[in-house]
Amino acid sequence: MWDGDISGMFEVGGKYSNRIGTYTVVEINEPKMTVEYEDGLTAELNMNIQFRIWENIQAEEEIKSSRSPRKKRKTKPEGTKFFVRPVDSLVAEQLGVRAYKEHVLEESLSNYNISPGDRLIYFSIESQVYFAAATITGTLAKPTKKDLLTEQQIGASILLFPVDVDARASKVESAVPVDGVEFDSHPDIRELLKNEDTYITITEDEFEVLAELLTEATVDESDDDTLDDDDEDDDFED
């Protein structure tokens with residue numbers, strides 16, 4: 001399994017690919033590298049993310065080459081979108097409850113075209129960490145009396161999506177800090193993360209990097225279940 005060490009995976013003059021196209025590595029200053037695309041465009045990229053993208057592309061090519069034309073498989077719904085979802089501490093607590101639903105403002109739905117199958121990475125604005133990965137599993141519905149709305153949400157045009165939480169760090173120190181991952185698609189992501197009524201579109205590869213880190217955090221927390229119950233670690237739950 002990949003352990004996050006990308007030393008030696010890229011070399012100056014080497015040619016690699018990402019979702020934009022093929023590029024040549026011009027200079028390496030870990031954790032960044034300067035690259036030049038075939039059309040002459042240069043960019044500074046995060047090496048960890050680019051390594052994950054390179055791995056994914058190689059795996060996809062292997063799968064395509066091994067498939068029979070009559071046996072095509074889908075790994076995800078066509079048109080799946082990937083978002084970072086900034087939320088307040090209350091949502092961080094609610095995500096630990098079974099059958100949590102994503103609360104979407106009607107205006108946000110039209111702005112971001114959110115639909116079943118889309119994937120979410122939840123970010124705690126208060127704690128400044130990415131703490132959960134989830135999948136939207138069903139269609140929109142209007143709130144009922146059983147759906148708990150905050151005082152701010154009552155009276156607003158709220159719709160609900162059922163979600164399946166794929167991985168969740170229940171402790172702040174187990175989650176991924178805001179500076180733990182960089183986004184080539186959003187160099188200014190810190191500013192975007194301040195708004196809890198937004199959905200920040202990211203790439204599939206950026207999503208996978210965070211989802212894997214959160215999965216590892218979940219496993220690590222399970223291994224630490226033998227710790228004293230009176231441990232004063234920072235939890236999202238009170």
# chains A, B, ... in the order shown; residues from 1 in each chain; ligands from 1

$ residues_around --residues "Gly8 (chain A)" --least-positions-apart "6" --cutoff "12 Å" --atoms "only C-alpha atoms" --output "PyMOL selection string"
chain A and resi 14+28+30-31+47-48+51

$ write_last_selection --atoms "N, CA and C atoms" --output "tab-separated table (two decimals), in the first residue's frame"
chain	number	residue	atom	x	y	z
A	14	GLY	N	11.41	13.49	-16.49
A	14	GLY	CA	10.47	12.38	-16.66
A	14	GLY	C	9.13	12.86	-17.17
A	28	ILE	N	12.08	19.98	-9.19
A	28	ILE	CA	11.46	19.37	-8.01
A	28	ILE	C	11.93	20.09	-6.75
A	30	GLU	N	10.35	19.39	-3.23
A	30	GLU	CA	9.32	18.70	-2.45
A	30	GLU	C	8.72	19.61	-1.38
A	31	PRO	N	7.38	19.56	-1.24
A	31	PRO	CA	6.44	18.61	-1.85
A	31	PRO	C	5.86	19.09	-3.19
A	47	MET	N	3.14	17.09	-5.36
A	47	MET	CA	3.65	15.79	-5.78
A	47	MET	C	2.80	14.64	-5.25
A	48	ASN	N	2.30	14.76	-4.02
A	48	ASN	CA	1.49	13.67	-3.46
A	48	ASN	C	0.22	13.46	-4.28
A	51	PHE	N	1.07	12.06	-7.74
A	51	PHE	CA	1.42	10.64	-7.68
A	51	PHE	C	0.16	9.78	-7.62

$ residues_around --residues "Thr80 (chain A)" --least-positions-apart "5" --cutoff "10 Å" --atoms "only C-alpha atoms" --output "list in words"
Ile114, Ser115, Pro116, Gly117, Asp118, Arg119 and Glu204 of chain A

$ residues_around --residues "Gly21 (chain A)" --least-positions-apart "5" --cutoff "10 Å" --atoms "only C-alpha atoms" --output "list in words"
Tyr16, Tyr37, Glu38 and Asp39 of chain A

$ write_last_selection --atoms "C-alpha atoms" --output "PDB file, in the first residue's frame"
ATOM      1  CA  TYR A  16       3.897  11.646 -16.595  1.00  0.00           C
ATOM      2  CA  TYR A  37       2.617  20.395 -20.467  1.00  0.00           C
ATOM      3  CA  GLU A  38       2.895  19.490 -24.140  1.00  0.00           C
ATOM      4  CA  ASP A  39       1.241  22.783 -25.133  1.00  0.00           C
TER       5      ASP A  39
END

$ closest_residue --among "A:Glu102, A:Asp166, A:Glu11, A:Glu93" --to "Met33 (chain A)" --atoms "only C-alpha atoms"
A:Glu11

$ closest_residue --among "A:Ile158, A:Leu95, A:Val178, A:Ile53" --to "Glu126 (chain A)" --atoms "only C-alpha atoms"
A:Val178

$ closest_residue --among "A:Asp184, A:Arg168, A:Asn195, A:Ala141" --to "Ala43 (chain A)" --atoms "only C-alpha atoms"
A:Asp184

$ select_by_dssp --residues "region 136-197 of chain A" --states "alpha helix (DSSP H)" --output "list in words"
Ile189, Arg190, Glu191 and Leu192 of chain A

$ residues_around --residues "Ile202 (chain A)" --least-positions-apart "3" --cutoff "10 Å" --atoms "only C-alpha atoms" --output "MDAnalysis selection string"
chainID A and resid 81:84 120:121 183:186 199 205:207

$ residues_around --residues "Phe123 (chain A)" --least-positions-apart "5" --cutoff "10 Å" --atoms "only C-alpha atoms" --output "PDB file with C-alpha atoms, in the first residue's frame"
ATOM      1  CA  VAL A  84     -15.655  19.490  -0.124  1.00  0.00           C
ATOM      2  CA  ARG A  85     -18.506  20.448   2.189  1.00  0.00           C
ATOM      3  CA  PRO A  86     -17.609  22.963   4.956  1.00  0.00           C
ATOM      4  CA  VAL A  87     -19.875  22.529   8.002  1.00  0.00           C
ATOM      5  CA  ASP A  88     -20.149  23.734  11.585  1.00  0.00           C
ATOM      6  CA  SER A  89     -19.456  21.660  14.673  1.00  0.00           C
ATOM      7  CA  VAL A  91     -22.995  18.734  11.707  1.00  0.00           C
ATOM      8  CA  ALA A  92     -19.723  17.123  12.749  1.00  0.00           C
ATOM      9  CA  GLN A 128     -10.139  23.248  10.684  1.00  0.00           C
ATOM     10  CA  VAL A 129      -9.960  19.570   9.730  1.00  0.00           C
ATOM     11  CA  TYR A 130     -11.372  17.271   7.041  1.00  0.00           C
ATOM     12  CA  PHE A 131     -13.168  14.629   9.072  1.00  0.00           C
ATOM     13  CA  ALA A 132     -15.520  12.485   6.942  1.00  0.00           C
ATOM     14  CA  ALA A 133     -16.136  11.063   3.473  1.00  0.00           C
ATOM     15  CA  ALA A 175      -8.769  13.962  11.214  1.00  0.00           C
ATOM     16  CA  VAL A 176      -6.843  15.559   8.341  1.00  0.00           C
ATOM     17  CA  PRO A 177      -5.735  19.133   9.142  1.00  0.00           C
ATOM     18  CA  VAL A 178      -6.495  21.909   6.678  1.00  0.00           C
ATOM     19  CA  LEU A 193     -13.672  26.756   3.359  1.00  0.00           C
ATOM     20  CA  LYS A 194     -14.950  29.659   5.461  1.00  0.00           C
ATOM     21  CA  GLU A 196     -20.692  26.682   5.349  1.00  0.00           C
TER      22      GLU A 196
END

$ closest_residue --among "A:Thr218, A:Ser127, A:Thr139, A:Thr198" --to "Val165 (chain A)" --atoms "only C-alpha atoms"
A:Thr218

$ atom_distance --atom1 "CA of Val12 (chain A)" --atom2 "CA of Gln58 (chain A)"
19.9 Å

$ atom_distance --atom1 "CA of Val26 (chain A)" --atom2 "CA of Arg52 (chain A)"
19.1 Å

$ residues_around --residues "Glu44 (chain A)" --least-positions-apart "2" --cutoff "8 Å" --atoms "only C-alpha atoms" --output "tab-separated table (two decimals) with N, CA and C atoms, in the first residue's frame"
chain	number	residue	atom	x	y	z
A	32	LYS	N	6.45	20.11	-3.80
A	32	LYS	CA	5.97	20.64	-5.07
A	32	LYS	C	6.94	20.30	-6.20
A	33	MET	N	6.44	20.36	-7.42
A	33	MET	CA	7.30	20.23	-8.59
A	33	MET	C	6.75	21.12	-9.69
A	34	THR	N	7.67	21.67	-10.49
A	34	THR	CA	7.28	22.49	-11.64
A	34	THR	C	7.26	21.60	-12.86
A	35	VAL	N	6.17	21.68	-13.64
A	35	VAL	CA	6.02	20.82	-14.81
A	35	VAL	C	5.68	21.67	-16.02
A	42	THR	N	3.11	25.87	-18.15
A	42	THR	CA	3.82	25.39	-16.97
A	42	THR	C	2.93	25.52	-15.74
A	46	ASN	N	1.35	19.75	-6.64
A	46	ASN	CA	1.63	18.99	-5.43
A	46	ASN	C	2.00	17.56	-5.80
